[in-house]
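Notes to accompany the following structure.
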Amino acid sequence: MHLMKSYTRLHTAILAVSLLCFSCSTSTEKEEAYYTVEDYQRVKKIDTHVHIMTENDFFIKSARANNFQLLTIVVDSRNSWDWVKERYAFSKFQMDQHPETVQFATSISVEGWDDDDWLERSLAWMDSSFADGAIGIKFWKNIGMVYRDKNSNLVMLDDPGFDPIFNMLEEKDIPVIGHLGEPLNCWLPLDKMTTKNDSGYFSRHPEYHMYKHPNMPSHADQMAARDNRLAKNPNLRFIGAHIASLEYDVDELAKRLDKFPRMSIDLAARMGQIFYQTANDYKKVRDFFIKYQDRIIYATDLADNGSNTEEAVHRSNTEVWKRDWKFFVTDEIMTSDLVAQEFKGLKLPKEVVDKVFYHNAVKWFKIFE
């Protein structure tokens, strides 16, 4: 009997230790499935939407200090070939000087759209850009919102005049970055906008505040023109910049991603809208990021035009990059000057974080392979 009791006690002790070890093992495995704020520095990351418009290396040093690589993007924001070429020169200079840290995307200008040689000139410029090392091309919101042809009609992305351009890009499998339209808030009065980043931007840029320009195309019109282009070129490798201007509802965004399998999105300058949606429906937003983890690319729209000090560039970059890392890897309650509400971090699994911050950029842009 005494021996039996001893055996029972021993068995109970072994079972308790086993359960404790299992519990510790399970806890450790759960911890290892997620990054922490402290992991930020050691994890390789890519910011796929920046604008370096200077020959100084402040942005490059900041990126290296934060373990980032960069895609700097040329934009036709002045409807000017000279402007495009000037910005192109900065971008190529940065890539040539820092190829391990920087790659770049080119653009074309709609200046001279009605000229007989516009198409030929544009195609030649694109060929030259890609031969020079550009890995993709950007189309900006001046298409659909600013530039008008000789008959004063806005030139939209689905205009047949663009067909040879996009046919070439589709055939060569060149990544296309599209900033078409604006956030839905753009069509609302300032005091009805859902995020502070939008109300702040459109208060500073009334020329783009469509609420003040009721004769301009609607948000739905802009999205239709973009979608028509994607339907025309279904094999186009397309990255919808700024959450494809569907930042207001991940459900609407999911519909487009389901419809266009060659479409992905970048997060540039729209984290405020993600914070806002998260504050209002946390589960829906988190589920979206997990479901579409292969189609979401980290980006910020940070820029340097050479007017700031090295310290200022590094400080502003680091604040944004670390804020976003914390949002994606923790479930802490956060605040931001982009929104009025508190919101909780998504605490995405490591696999998802790695895709959003790195692997999707490599896959969709074919950079730093």
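Simple scheme: letters A, B, ... for chains in structure tokens order, numbers from 1 for residues in each chain, numbers from 1 for ligands in the order shown.
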
Report the closest atom pair, with its distance in Å rounded to one decimal, for each residue of segment 160-277 of chain A that has an atom no farther than 12 Å from segment 329-336 of chain A; count only C-alpha atoms, sort by chain and then rising residue number, and write it as JSON lines.
```
{"residue": "A:Thr195", "atom": "CA", "partner": "A:Ser336", "partner_atom": "CA", "distance": 10.4}
{"residue": "A:Lys196", "atom": "CA", "partner": "A:Ser336", "partner_atom": "CA", "distance": 9.5}
{"residue": "A:Asn197", "atom": "CA", "partner": "A:Ser336", "partner_atom": "CA", "distance": 10.1}
{"residue": "A:Met271", "atom": "CA", "partner": "A:Ser336", "partner_atom": "CA", "distance": 9.9}
{"residue": "A:Gly272", "atom": "CA", "partner": "A:Ser336", "partner_atom": "CA", "distance": 8.0}
{"residue": "A:Gln273", "atom": "CA", "partner": "A:Ser336", "partner_atom": "CA", "distance": 11.3}
{"residue": "A:Ile274", "atom": "CA", "partner": "A:Ser336", "partner_atom": "CA", "distance": 11.5}
{"residue": "A:Phe275", "atom": "CA", "partner": "A:Ser336", "partner_atom": "CA", "distance": 8.4}
{"residue": "A:Tyr276", "atom": "CA", "partner": "A:Ser336", "partner_atom": "CA", "distance": 10.1}
```

Which polymer residues have any atom within 10 Å of an atom of Arg237 of chain A, counting only C-alpha atoms, with same-chain residues fewer than 5 positions away left out, as a VMD selection string?
chain A and resid 136 169 to 170 172 to 177 230 260 to 264 364 to 365

Per DSSP on the backbone, filter segment 29-149 of chain A down to the residues in alpha helix (DSSP H) and report them as a ChimeraX atom specification.
/A:29-32,58-65,81-97,118-132,142-145

Per residue of segment 314-357 of chain A within 10 Å of segment 48-66 of chain A, what are the shortest atom pair and its distance in Å to one decimal, counting only C-alpha atoms, with rows by chain and residue number, as a tab-separated table?
```
residue	atom	partner	partner_atom	distance
A:His314	CA	A:Ser62	CA	5.0
A:Arg315	CA	A:Ser62	CA	8.4
A:Ser316	CA	A:Ser62	CA	9.6
A:Asn317	CA	A:Ser62	CA	7.2
A:Thr318	CA	A:Asn66	CA	7.1
A:Trp321	CA	A:Asn66	CA	8.1
A:Lys322	CA	A:Asn66	CA	8.8
A:Phe357	CA	A:Thr48	CA	9.2
```

Using only C-alpha atoms, which of the listed residues (A:Ile239, A:Gly345, A:Phe139, A:Pro183) sits closest to Ala269 of chain A?
A:Pro183

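Among the candidate residues A:Met210, A:Glu369, A:Leu338, A:Trp325, the one lying nearest to Val353 of chain A is A:Trp325, with distances computed using only C-alpha atoms.
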
Write out as a list in words each polymer residue whose atoms come within 9 Å of segment 277-282 of chain A, counting only C-alpha atoms; drop sequence neighbours fewer than 2 positions from it.
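Result of the neighbour search: Glu247, Tyr248, Asp249, Val250, Gly272, Gln273, Ile274, Phe275, Lys284, Val285, Arg286, Asp287, Gln341, Glu342, Phe343, Lys344, Gly345 and Leu346 of chain A.
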
Could you save the residues just selected, with N, CA and C atoms, as a short mmCIF file (atom, residue, chain, number, x, y, z; two decimals), in the first residue's frame?
```
data_model
loop_
_atom_site.label_atom_id
_atom_site.label_comp_id
_atom_site.auth_asym_id
_atom_site.auth_seq_id
_atom_site.Cartn_x
_atom_site.Cartn_y
_atom_site.Cartn_z
N GLU A 247 -9.75 53.81 -49.15
CA GLU A 247 -9.29 53.78 -47.77
C GLU A 247 -10.41 53.81 -46.74
N TYR A 248 -11.62 54.15 -47.18
CA TYR A 248 -12.72 54.38 -46.24
C TYR A 248 -13.40 53.10 -45.79
N ASP A 249 -13.17 51.97 -46.49
CA ASP A 249 -13.89 50.75 -46.14
C ASP A 249 -13.14 49.54 -46.67
N VAL A 250 -12.62 48.71 -45.78
CA VAL A 250 -11.89 47.53 -46.24
C VAL A 250 -12.80 46.56 -46.99
N GLY A 272 -3.96 56.96 -41.26
CA GLY A 272 -5.02 57.58 -40.48
C GLY A 272 -6.36 56.91 -40.74
N GLN A 273 -6.63 56.58 -42.01
CA GLN A 273 -7.89 55.91 -42.33
C GLN A 273 -7.93 54.48 -41.79
N ILE A 274 -6.77 53.82 -41.76
CA ILE A 274 -6.70 52.49 -41.14
C ILE A 274 -6.94 52.61 -39.64
N PHE A 275 -6.34 53.60 -39.00
CA PHE A 275 -6.58 53.80 -37.57
C PHE A 275 -8.06 54.07 -37.30
N LYS A 284 -12.89 43.50 -38.06
CA LYS A 284 -13.00 43.53 -39.51
C LYS A 284 -11.68 43.95 -40.16
N VAL A 285 -11.04 44.95 -39.60
CA VAL A 285 -9.78 45.43 -40.16
C VAL A 285 -8.69 44.37 -39.99
N ARG A 286 -8.59 43.79 -38.81
CA ARG A 286 -7.56 42.77 -38.58
C ARG A 286 -7.77 41.57 -39.48
N ASP A 287 -9.02 41.14 -39.61
CA ASP A 287 -9.34 40.00 -40.50
C ASP A 287 -8.96 40.32 -41.94
N GLN A 341 -9.85 59.53 -32.42
CA GLN A 341 -10.15 58.44 -31.50
C GLN A 341 -8.88 57.68 -31.08
N GLU A 342 -8.97 56.99 -29.95
CA GLU A 342 -7.99 55.97 -29.61
C GLU A 342 -8.24 54.75 -30.48
N PHE A 343 -7.22 53.94 -30.67
CA PHE A 343 -7.37 52.71 -31.46
C PHE A 343 -6.38 51.69 -30.93
N LYS A 344 -6.61 50.45 -31.25
CA LYS A 344 -5.77 49.37 -30.75
C LYS A 344 -4.92 48.80 -31.87
N GLY A 345 -3.68 48.46 -31.54
CA GLY A 345 -2.80 47.83 -32.53
C GLY A 345 -3.35 46.50 -32.99
N LEU A 346 -3.00 46.11 -34.23
CA LEU A 346 -3.56 44.91 -34.83
C LEU A 346 -2.88 43.62 -34.36
#
```

Atom CA of Asp47 of chain A to atom CA of Tyr298 of chain A: how many Å, to one decimal?
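Spanning atom CA of Asp47 of chain A to atom CA of Tyr298 of chain A is a straight-line distance of 5.9 Å.
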
May I have a table of the residues of segment 120-197 of chain A lying at most 12 Å from segment 92-106 of chain A, giving each one's closest pair of atoms and their distance in Å to one decimal, counting only C-alpha atoms, ordered by chain and ascending residue number, as a tab-separated table?
```
residue	atom	partner	partner_atom	distance
A:Ser122	CA	A:Thr106	CA	11.5
A:Trp125	CA	A:Thr106	CA	9.3
A:Met126	CA	A:Thr106	CA	7.7
A:Asp127	CA	A:Thr106	CA	10.6
A:Ser128	CA	A:Thr106	CA	10.1
A:Ser129	CA	A:Thr106	CA	6.6
A:Phe130	CA	A:Thr106	CA	8.2
A:Ala131	CA	A:Thr106	CA	11.3
A:Asp132	CA	A:Lys92	CA	8.0
A:Gly133	CA	A:Phe104	CA	7.7
A:Ala134	CA	A:Ala105	CA	5.1
A:Ile135	CA	A:Ala105	CA	5.5
A:Gly136	CA	A:Ala105	CA	4.6
A:Ile137	CA	A:Thr106	CA	4.7
A:Lys138	CA	A:Thr106	CA	6.2
A:Phe139	CA	A:Thr106	CA	9.3
A:Trp140	CA	A:Thr106	CA	11.4
A:Ile174	CA	A:Ala105	CA	10.2
A:Pro175	CA	A:Ala105	CA	8.9
A:Val176	CA	A:Ala105	CA	8.9
A:Ile177	CA	A:Ala105	CA	8.5
A:Gly178	CA	A:Ala105	CA	11.6
```

Excluding same-chain residues fewer than 2 positions from Asn360 of chain A, what lies within 9 Å of it counting only C-alpha atoms, as a PyMOL selection string?
chain A and resi 293-298+354-358+362-365

Hey, what's within 12 Å of Gly144 of chain A if we count only C-alpha atoms and toss same-chain stuff fewer than 5 positions away? As a VMD selection string, please?
chain A and resid 110 139 149 153 to 159 178 to 182 208 210 216 to 226

Could you write out the selected residues, including N, CA, C and O atoms, as a tab-separated table (two decimals), in the first residue's frame?
```tsv
chain	number	residue	atom	x	y	z
A	110	VAL	N	1.62	64.19	-68.83
A	110	VAL	CA	0.52	64.38	-69.78
A	110	VAL	C	0.67	65.69	-70.56
A	110	VAL	O	-0.16	65.99	-71.42
A	139	PHE	N	1.45	56.69	-62.13
A	139	PHE	CA	0.43	57.56	-62.74
A	139	PHE	C	-0.28	58.27	-61.59
A	139	PHE	O	-0.70	57.64	-60.62
A	149	ASP	N	-7.73	68.19	-71.97
A	149	ASP	CA	-7.27	68.19	-73.36
A	149	ASP	C	-7.66	69.49	-74.05
A	149	ASP	O	-8.20	70.41	-73.42
A	153	ASN	N	-11.74	68.84	-71.85
A	153	ASN	CA	-12.22	67.64	-71.17
A	153	ASN	C	-11.11	67.05	-70.30
A	153	ASN	O	-9.95	66.99	-70.73
A	154	LEU	N	-11.46	66.63	-69.09
A	154	LEU	CA	-10.48	65.96	-68.25
A	154	LEU	C	-10.02	64.66	-68.90
A	154	LEU	O	-10.83	63.90	-69.45
A	155	VAL	N	-8.74	64.42	-68.87
A	155	VAL	CA	-8.19	63.17	-69.39
A	155	VAL	C	-8.27	62.12	-68.29
A	155	VAL	O	-7.69	62.29	-67.22
A	156	MET	N	-9.02	61.05	-68.55
A	156	MET	CA	-9.23	60.01	-67.55
A	156	MET	C	-8.35	58.79	-67.87
A	156	MET	O	-7.90	58.61	-69.01
A	157	LEU	N	-8.13	57.94	-66.87
A	157	LEU	CA	-7.21	56.83	-67.04
A	157	LEU	C	-7.68	55.82	-68.07
A	157	LEU	O	-6.86	55.14	-68.70
A	158	ASP	N	-8.99	55.70	-68.28
A	158	ASP	CA	-9.49	54.73	-69.26
A	158	ASP	C	-9.60	55.30	-70.66
A	158	ASP	O	-10.14	54.65	-71.56
A	159	ASP	N	-9.07	56.51	-70.88
A	159	ASP	CA	-9.07	57.11	-72.22
A	159	ASP	C	-8.31	56.20	-73.19
A	159	ASP	O	-7.22	55.71	-72.86
A	178	GLY	N	-0.53	53.38	-59.17
A	178	GLY	CA	-1.61	54.28	-59.55
A	178	GLY	C	-2.18	55.06	-58.40
A	178	GLY	O	-2.79	54.49	-57.50
A	179	HIS	N	-1.95	56.38	-58.40
A	179	HIS	CA	-2.66	57.26	-57.47
A	179	HIS	C	-3.75	57.94	-58.27
A	179	HIS	O	-3.56	59.00	-58.86
A	180	LEU	N	-4.92	57.32	-58.30
A	180	LEU	CA	-6.05	57.83	-59.07
A	180	LEU	C	-7.15	58.22	-58.11
A	180	LEU	O	-7.50	57.47	-57.22
A	181	GLY	N	-7.69	59.41	-58.32
A	181	GLY	CA	-8.71	59.90	-57.40
A	181	GLY	C	-8.08	60.31	-56.09
A	181	GLY	O	-6.86	60.44	-55.94
A	182	GLU	N	-8.93	60.48	-55.08
A	182	GLU	CA	-8.52	60.90	-53.76
A	182	GLU	C	-9.38	60.16	-52.72
A	182	GLU	O	-10.32	59.46	-53.08
A	208	TYR	N	-7.66	70.69	-54.69
A	208	TYR	CA	-7.97	69.27	-54.82
A	208	TYR	C	-9.18	68.86	-53.98
A	208	TYR	O	-9.55	67.67	-53.97
A	210	MET	N	-12.60	68.31	-53.68
A	210	MET	CA	-13.67	68.19	-54.67
A	210	MET	C	-15.02	68.67	-54.16
A	210	MET	O	-15.91	68.99	-54.95
A	216	MET	N	-16.78	68.73	-60.96
A	216	MET	CA	-15.75	67.73	-61.25
A	216	MET	C	-16.31	66.32	-61.11
A	216	MET	O	-17.35	66.12	-60.48
A	217	PRO	N	-15.62	65.32	-61.66
A	217	PRO	CA	-16.08	63.94	-61.52
A	217	PRO	C	-16.18	63.53	-60.05
A	217	PRO	O	-15.44	64.03	-59.20
A	218	SER	N	-17.08	62.63	-59.76
A	218	SER	CA	-17.26	62.14	-58.40
A	218	SER	C	-16.19	61.11	-58.05
A	218	SER	O	-15.43	60.64	-58.91
A	219	HIS	N	-16.15	60.74	-56.78
A	219	HIS	CA	-15.25	59.66	-56.35
A	219	HIS	C	-15.58	58.38	-57.13
A	219	HIS	O	-14.67	57.67	-57.59
A	220	ALA	N	-16.87	58.09	-57.29
A	220	ALA	CA	-17.27	56.89	-58.04
A	220	ALA	C	-16.79	56.95	-59.48
A	220	ALA	O	-16.38	55.93	-60.06
A	221	ASP	N	-16.82	58.15	-60.09
A	221	ASP	CA	-16.33	58.31	-61.46
A	221	ASP	C	-14.85	57.98	-61.55
A	221	ASP	O	-14.39	57.32	-62.50
A	222	GLN	N	-14.09	58.46	-60.57
A	222	GLN	CA	-12.64	58.22	-60.58
A	222	GLN	C	-12.34	56.72	-60.42
A	222	GLN	O	-11.47	56.17	-61.12
A	223	MET	N	-13.06	56.07	-59.53
A	223	MET	CA	-12.84	54.64	-59.31
A	223	MET	C	-13.26	53.83	-60.55
A	223	MET	O	-12.61	52.84	-60.90
A	224	ALA	N	-14.32	54.28	-61.21
A	224	ALA	CA	-14.79	53.57	-62.40
A	224	ALA	C	-13.75	53.65	-63.52
A	224	ALA	O	-13.50	52.66	-64.22
A	225	ALA	N	-13.13	54.83	-63.69
A	225	ALA	CA	-12.11	54.98	-64.73
A	225	ALA	C	-10.92	54.08	-64.44
A	225	ALA	O	-10.37	53.43	-65.35
A	226	ARG	N	-10.51	54.02	-63.17
A	226	ARG	CA	-9.40	53.14	-62.80
A	226	ARG	C	-9.77	51.67	-63.03
A	226	ARG	O	-8.99	50.89	-63.59
```

Using DSSP on the backbone coordinates, identify the residues of segment 33-65 of chain A assigned to strand (DSSP E); present them as a ChimeraX atom specification.
/A:45-52

Can you list, as a ChimeraX atom specification, every protein, DNA or RNA residue that comes within 12 Å of Gly200 of chain A when you count only C-alpha atoms, leaving out same-chain residues fewer than 5 positions away?
/A:185-186,189-191,193-195,205-206,209,272,337-339

Would you mind telling me which residue in A:Lys347, A:Lys141, A:Lys45, A:Arg270 lies nearest to Ile243 of chain A when using only C-alpha atoms?
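Using only C-alpha atoms, Ile243 of chain A sits closest to A:Arg270.
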
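Note that the spacing between atom CA of Ser109 of chain A and atom CA of Val84 of chain A amounts to 6.8 Å.
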
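What separates atom CA of Ala89 of chain A from atom CA of Asn305 of chain A is a distance of 13.1 Å.
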
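Closest approach to Pro349 of chain A among A:Arg323, A:Lys150, A:Lys366, A:Lys291 is made by A:Lys291 (distances from only C-alpha atoms).
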